[in-house]
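Peer 1: The following block contains the structure, expressed as structure tokens.
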Amino acid sequence: MQSGPTVVSLQDVVAVLGQFPALAGATLEVEEGEIILLRGPNGAGKTTLLRLCAGLLPVVRGSATVLGHDLASDRESVRPHVGLLGHQNGLYGDLTVAENVRFWGATVGASDDEVAAAMERLGVAGRLAGVAVRKLSAGQKRRTALAGLVARRARLWLLDEPHAGLDADGRDELDETLRQAAGAGATILVASHELERAGSLATRTVEVVAGQVSEGGAR
């Protein structure tokens with residue numbers, strides 16, 4: 001099978017949180033269209049790896065390139081092209097669902113139709129569109145955050161426990177959204193403890209242990 005363009009290229013990367021090396025020589029290559037499951041115990045470095053790829057953490061040692069951007073010399077330039085969804089949803093509580101999704105879509109010039117389609121896809125259109133985010137349930141907030149990610153048209157999706165807070169229907173809708181995004185050329189890294197569900201989506205599994213990365217095998 002022909003290889004696609006390289007989206008993430010990490011070579012012996014060290015990243016430090018405080019005085020602690022959260023990544024201690026991590027090496028990883030990810031190609032366009034892959035869905036990578038990051039698995040490992042709490043504190044292993046999965047979240048740090050996602051934040052590094054989003055350009056939010058400095059590279060202390062080694063080389064790191066994401067979507068052609070050298071993270072060692074210019075972390076900011078990659079940020080408009082990636083979408084990071086962590087444990088916090090990154091929403092504005094006083095804004096409505098529609099206003100939040102429209103805000104994230106506006107960062108890439110998404111049209112009203114694209115914003116509406118993203119909300120419809122994640123089940124937050126209609127009645128919920130005009131509700132302030134602070135009044136939503138945990139699952140509804142998660143759906144709204146995911147709709148914002150879809151509207152942003154991110155080329156690299158970085159997801160930290162994305163199924164958390166979603167009901168069964170929401171989890172199925174998320175899985176289908178991720179499959180469609182990858183099919184359209186997006187690349188996805190998912191850190192998850194829900195190994196059966198996330199593993200069924202993944203094209204590859206990567207183990208993150210003590211700040212280092214190893215291949216877990218193809219799916």
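Following the order of the structure tokens, first chain is A, next is B, and so on, with residues numbered from 1 inside each chain and ligands from 1 in the order they appear.
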Using only C-alpha atoms, I'd like a table of the residues in range 151-194 of chain A that come within 8 Å of range 86-103 of chain A; for each, show the closest atom pair and its distance in Å rounded to one decimal, ordered by chain and ascending number, as JSON lines.
Peer 2:
```
{"residue": "A:Ala151", "atom": "CA", "partner": "A:Val101", "partner_atom": "CA", "distance": 6.9}
{"residue": "A:Leu159", "atom": "CA", "partner": "A:Gly86", "partner_atom": "CA", "distance": 6.2}
{"residue": "A:Asp160", "atom": "CA", "partner": "A:Gly86", "partner_atom": "CA", "distance": 4.8}
{"residue": "A:Glu161", "atom": "CA", "partner": "A:His87", "partner_atom": "CA", "distance": 7.0}
{"residue": "A:Pro162", "atom": "CA", "partner": "A:Gly86", "partner_atom": "CA", "distance": 7.6}
```
Peer 1: Suppose we keep C-alpha atoms; can you now write the selection as a PDB file, in the first residue's frame?
Peer 2:
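Everything below was put into result-v6.pdb:
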```
ATOM      1  CA  ALA A 151     -16.468  23.144  11.839  1.00  0.00           C
ATOM      2  CA  LEU A 159      -8.404  13.842  21.069  1.00  0.00           C
ATOM      3  CA  ASP A 160      -7.968  13.072  24.771  1.00  0.00           C
ATOM      4  CA  GLU A 161     -10.632  10.617  25.994  1.00  0.00           C
ATOM      5  CA  PRO A 162     -13.155  11.940  23.431  1.00  0.00           C
TER       6      PRO A 162
END
```
Peer 1: List as a list in words the protein and nucleic acid residues near range 187-194 of chain A, meaning an atom at most 7 Å away when only C-alpha atoms are counted, but skip any in the same chain fewer than 2 places from it.
Peer 2: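 My reading of the contact set: Glu32, Gly33, Glu34, Ile35, Ile36, Leu37, Leu38, Arg39, Lys46, Arg155, Leu156, Trp157, Leu158, Leu159, Asp160, Glu161, Ala182, Gly185, Glu196, Arg197 and Ala198 of chain A.
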Peer 1: Selection from above, N, CA and C atoms, as a short mmCIF file (atom, residue, chain, number, x, y, z; two decimals), in the first residue's frame, can you write it?
Peer 2:
```
data_model
loop_
_atom_site.label_atom_id
_atom_site.label_comp_id
_atom_site.auth_asym_id
_atom_site.auth_seq_id
_atom_site.Cartn_x
_atom_site.Cartn_y
_atom_site.Cartn_z
N GLU A 32 -0.75 10.75 6.77
CA GLU A 32 -2.06 11.34 6.52
C GLU A 32 -3.14 10.27 6.45
N GLY A 33 -4.27 10.52 7.11
CA GLY A 33 -5.41 9.62 7.07
C GLY A 33 -5.39 8.52 8.11
N GLU A 34 -4.32 8.42 8.87
CA GLU A 34 -4.27 7.40 9.91
C GLU A 34 -5.11 7.81 11.12
N ILE A 35 -5.63 6.81 11.82
CA ILE A 35 -6.24 7.00 13.14
C ILE A 35 -5.38 6.22 14.12
N ILE A 36 -4.67 6.93 14.99
CA ILE A 36 -3.73 6.33 15.90
C ILE A 36 -4.32 6.30 17.30
N LEU A 37 -4.38 5.12 17.91
CA LEU A 37 -4.77 4.99 19.30
C LEU A 37 -3.51 5.06 20.17
N LEU A 38 -3.49 6.04 21.07
CA LEU A 38 -2.43 6.15 22.08
C LEU A 38 -2.93 5.48 23.35
N ARG A 39 -2.25 4.45 23.76
CA ARG A 39 -2.66 3.75 24.97
C ARG A 39 -1.52 3.71 25.96
N LYS A 46 0.65 10.56 27.44
CA LYS A 46 -0.26 10.63 26.30
C LYS A 46 -0.76 12.06 26.08
N ARG A 155 -6.86 19.64 10.11
CA ARG A 155 -6.14 18.60 9.36
C ARG A 155 -5.61 17.53 10.29
N LEU A 156 -5.34 17.90 11.54
CA LEU A 156 -4.87 16.94 12.55
C LEU A 156 -5.77 17.07 13.77
N TRP A 157 -6.45 15.97 14.11
CA TRP A 157 -7.33 15.93 15.28
C TRP A 157 -6.57 15.27 16.42
N LEU A 158 -6.55 15.94 17.57
CA LEU A 158 -5.85 15.45 18.76
C LEU A 158 -6.88 15.32 19.87
N LEU A 159 -7.26 14.10 20.20
CA LEU A 159 -8.40 13.84 21.07
C LEU A 159 -7.97 13.10 22.32
N ASP A 160 -8.31 13.67 23.48
CA ASP A 160 -7.97 13.07 24.77
C ASP A 160 -9.24 12.58 25.43
N GLU A 161 -9.43 11.25 25.46
CA GLU A 161 -10.63 10.62 25.99
C GLU A 161 -11.90 11.24 25.39
N ALA A 182 -11.29 10.95 8.72
CA ALA A 182 -10.09 10.27 8.23
C ALA A 182 -10.22 9.94 6.75
N GLY A 185 -9.26 12.72 4.62
CA GLY A 185 -7.86 13.14 4.63
C GLY A 185 -7.34 13.67 5.95
N GLU A 196 -11.32 -1.15 23.59
CA GLU A 196 -12.10 -1.90 22.61
C GLU A 196 -12.75 -0.97 21.60
N ARG A 197 -13.38 0.10 22.10
CA ARG A 197 -14.05 1.04 21.19
C ARG A 197 -13.04 1.81 20.36
N ALA A 198 -12.07 2.44 21.00
CA ALA A 198 -11.09 3.22 20.26
C ALA A 198 -10.23 2.34 19.36
#
```
Peer 1: For the structure I just gave you, how does DSSP split chain A - specifically, which residues are strand (DSSP E or B)? Reply as an MDAnalysis selection string.
Peer 2: chainID A and resid 6:17 20:31 35:39 61:66 69:70 82:85 96 132 156:160 187:191 204:209 212:218
Peer 1: Rank A:Glu114, A:Ser9, A:Gly25, A:Pro41 by their smallest atom-to-atom distance to Thr65 in chain A, using only C-alpha atoms, and report the top residue only.
Peer 2: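 Checking each of A:Glu114, A:Ser9, A:Gly25, A:Pro41 against Thr65 in chain A, counting only C-alpha atoms, the winner is A:Ser9.
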Peer 1: Please, what distance in Å, to one decimal, runs between CA of Leu174 in chain A and CA of Gly199 in chain A?
Peer 2: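 Going from CA of Leu174 in chain A over to CA of Gly199 in chain A, I get 13.9 Å.
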Peer 1: Where does DSSP see helix (DSSP H, G or I) in range 161-208 of chain A, if you list the residues as a VMD selection string?
Peer 2: chain A and resid 168 to 183 195 to 201
Peer 1: Take the selection from the previous step and output its residues with C-alpha atoms, as a PDB file, in the first residue's frame.
Peer 2:
```pdb
ATOM      1  CA  ALA A 168     -24.269   5.359  23.553  1.00  0.00           C
ATOM      2  CA  ASP A 169     -25.728   7.284  20.605  1.00  0.00           C
ATOM      3  CA  GLY A 170     -23.178  10.064  21.038  1.00  0.00           C
ATOM      4  CA  ARG A 171     -20.321   7.582  21.063  1.00  0.00           C
ATOM      5  CA  ASP A 172     -21.543   5.966  17.867  1.00  0.00           C
ATOM      6  CA  GLU A 173     -21.951   9.376  16.201  1.00  0.00           C
ATOM      7  CA  LEU A 174     -18.430  10.353  17.257  1.00  0.00           C
ATOM      8  CA  ASP A 175     -16.989   7.144  15.832  1.00  0.00           C
ATOM      9  CA  GLU A 176     -18.708   7.741  12.501  1.00  0.00           C
ATOM     10  CA  THR A 177     -17.514  11.364  12.481  1.00  0.00           C
ATOM     11  CA  LEU A 178     -13.926  10.230  13.022  1.00  0.00           C
ATOM     12  CA  ARG A 179     -14.168   7.648  10.242  1.00  0.00           C
ATOM     13  CA  GLN A 180     -15.550  10.240   7.839  1.00  0.00           C
ATOM     14  CA  ALA A 181     -12.885  12.778   8.800  1.00  0.00           C
ATOM     15  CA  ALA A 182     -10.086  10.273   8.232  1.00  0.00           C
ATOM     16  CA  GLY A 183     -11.655   9.235   4.935  1.00  0.00           C
ATOM     17  CA  LEU A 195      -9.414   0.231  24.245  1.00  0.00           C
ATOM     18  CA  GLU A 196     -12.101  -1.903  22.615  1.00  0.00           C
ATOM     19  CA  ARG A 197     -14.052   1.037  21.192  1.00  0.00           C
ATOM     20  CA  ALA A 198     -11.088   3.224  20.262  1.00  0.00           C
ATOM     21  CA  GLY A 199      -9.132   0.228  19.031  1.00  0.00           C
ATOM     22  CA  SER A 200     -11.899  -0.683  16.581  1.00  0.00           C
ATOM     23  CA  LEU A 201     -11.423   2.750  14.976  1.00  0.00           C
TER      24      LEU A 201
END
```
Peer 1: Pick the closest to Ala186 in chain A from A:Gly148, A:Gly130, A:Pro5, A:Gly55: which is it, counting only C-alpha atoms?
Peer 2: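 With only C-alpha atoms as the atom set, the closest residue is A:Pro5.
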Peer 1: CA of Val108 in chain A and CA of Leu149 in chain A, how far apart in Å?
Peer 2: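 These two atoms are separated by 10.9 Å.
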Peer 1: Calculated over only C-alpha atoms, which of the candidates A:Ala147, A:Cys53, A:Val208, A:Leu67 has the smallest distance to Met119 in chain A?
Peer 2: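 Comparing A:Ala147, A:Cys53, A:Val208, A:Leu67 against Met119 in chain A, the winner is A:Ala147.
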Peer 1: Taking only C-alpha atoms into account, which of A:Val150, A:Leu28, A:Leu136, A:Leu166 comes nearest Arg121 in chain A?
Peer 2: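 Of A:Val150, A:Leu28, A:Leu136, A:Leu166, the one nearest Arg121 in chain A is A:Val150, counting only C-alpha atoms.
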Peer 1: Go ahead and compute the interatomic distance for CA of Leu10 in chain A and CA of Ala184 in chain A, in Å to one decimal.
Peer 2: 23.9 Å
Peer 1: Please provide as a ChimeraX atom specification all residues within 7 Å of Gly211 in chain A, with the sequence filter that same-chain residues fewer than 5 positions apart are discarded (counting only C-alpha atoms).
Peer 2: /A:22-24,26,44-45
Peer 1: Just the selected residues (N, CA and C atoms), exported as a PDB file, in the first residue's frame, please.
Peer 2:
```
ATOM      1  N   ALA A  22       8.179  14.787  30.840  1.00  0.00           N
ATOM      2  CA  ALA A  22       6.944  14.067  30.541  1.00  0.00           C
ATOM      3  C   ALA A  22       7.072  13.245  29.262  1.00  0.00           C
ATOM      4  N   LEU A  23       7.907  13.702  28.325  1.00  0.00           N
ATOM      5  CA  LEU A  23       8.312  12.903  27.173  1.00  0.00           C
ATOM      6  C   LEU A  23       9.825  12.760  27.244  1.00  0.00           C
ATOM      7  N   ALA A  24      10.292  11.536  27.171  1.00  0.00           N
ATOM      8  CA  ALA A  24      11.714  11.276  27.403  1.00  0.00           C
ATOM      9  C   ALA A  24      12.307  10.514  26.227  1.00  0.00           C
ATOM     10  N   ALA A  26      10.761  10.525  22.843  1.00  0.00           N
ATOM     11  CA  ALA A  26       9.650   9.936  22.082  1.00  0.00           C
ATOM     12  C   ALA A  26       9.905  10.035  20.578  1.00  0.00           C
ATOM     13  N   ALA A  44       1.572   8.522  31.737  1.00  0.00           N
ATOM     14  CA  ALA A  44       2.580   7.953  30.844  1.00  0.00           C
ATOM     15  C   ALA A  44       3.109   8.964  29.840  1.00  0.00           C
ATOM     16  N   GLY A  45       2.318  10.032  29.580  1.00  0.00           N
ATOM     17  CA  GLY A  45       2.752  11.036  28.615  1.00  0.00           C
ATOM     18  C   GLY A  45       1.825  11.203  27.427  1.00  0.00           C
TER      19      GLY A  45
END
```
Peer 1: Under the rule that only C-alpha atoms are counted, which of A:Val115, A:Ala15, A:Val78, A:Val133 is the nearest residue to Val60 in chain A?
Peer 2: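 Residue with the minimum atom-to-atom distance to Val60 in chain A: A:Ala15.
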Peer 1: Might you pull out every residue within 7 Å of Arg152 in chain A, with only C-alpha atoms counted and same-chain residues fewer than 6 positions away left off, and present them as a VMD selection string?
Peer 2: chain A and resid 104 to 105 107 to 108 110
Peer 1: Write the residues you've just listed into a file as a short mmCIF file (atom, residue, chain, number, x, y, z; two decimals), in the first residue's frame, and include N, CA and C atoms for each of them.
Peer 2:
```cif
data_model
loop_
_atom_site.label_atom_id
_atom_site.label_comp_id
_atom_site.auth_asym_id
_atom_site.auth_seq_id
_atom_site.Cartn_x
_atom_site.Cartn_y
_atom_site.Cartn_z
N TRP A 104 -15.66 28.88 16.59
CA TRP A 104 -14.55 28.02 16.16
C TRP A 104 -14.51 27.88 14.65
N GLY A 105 -15.67 27.85 14.02
CA GLY A 105 -15.69 27.79 12.56
C GLY A 105 -15.11 29.04 11.93
N THR A 107 -12.66 30.74 12.79
CA THR A 107 -11.19 30.77 12.80
C THR A 107 -10.61 30.26 11.48
N VAL A 108 -11.41 29.51 10.73
CA VAL A 108 -10.93 29.01 9.43
C VAL A 108 -11.85 29.46 8.29
N ALA A 110 -15.18 29.11 8.07
CA ALA A 110 -16.26 28.18 7.76
C ALA A 110 -17.55 28.94 7.46
#
```
Peer 1: Can you pull out the residues contacting Leu52 in chain A? Cut-off 9 Å, using only C-alpha atoms, and skip same-chain residues under 6 positions away; I want them as a count of residues only.
Peer 2: 6
Peer 1: Could you tell me which of A:Leu146, A:Leu56, A:Leu49, A:Val209 comes closest to Gly123 in chain A if we count only C-alpha atoms?
Peer 2: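 Selected residue with least distance to Gly123 in chain A: A:Leu146.
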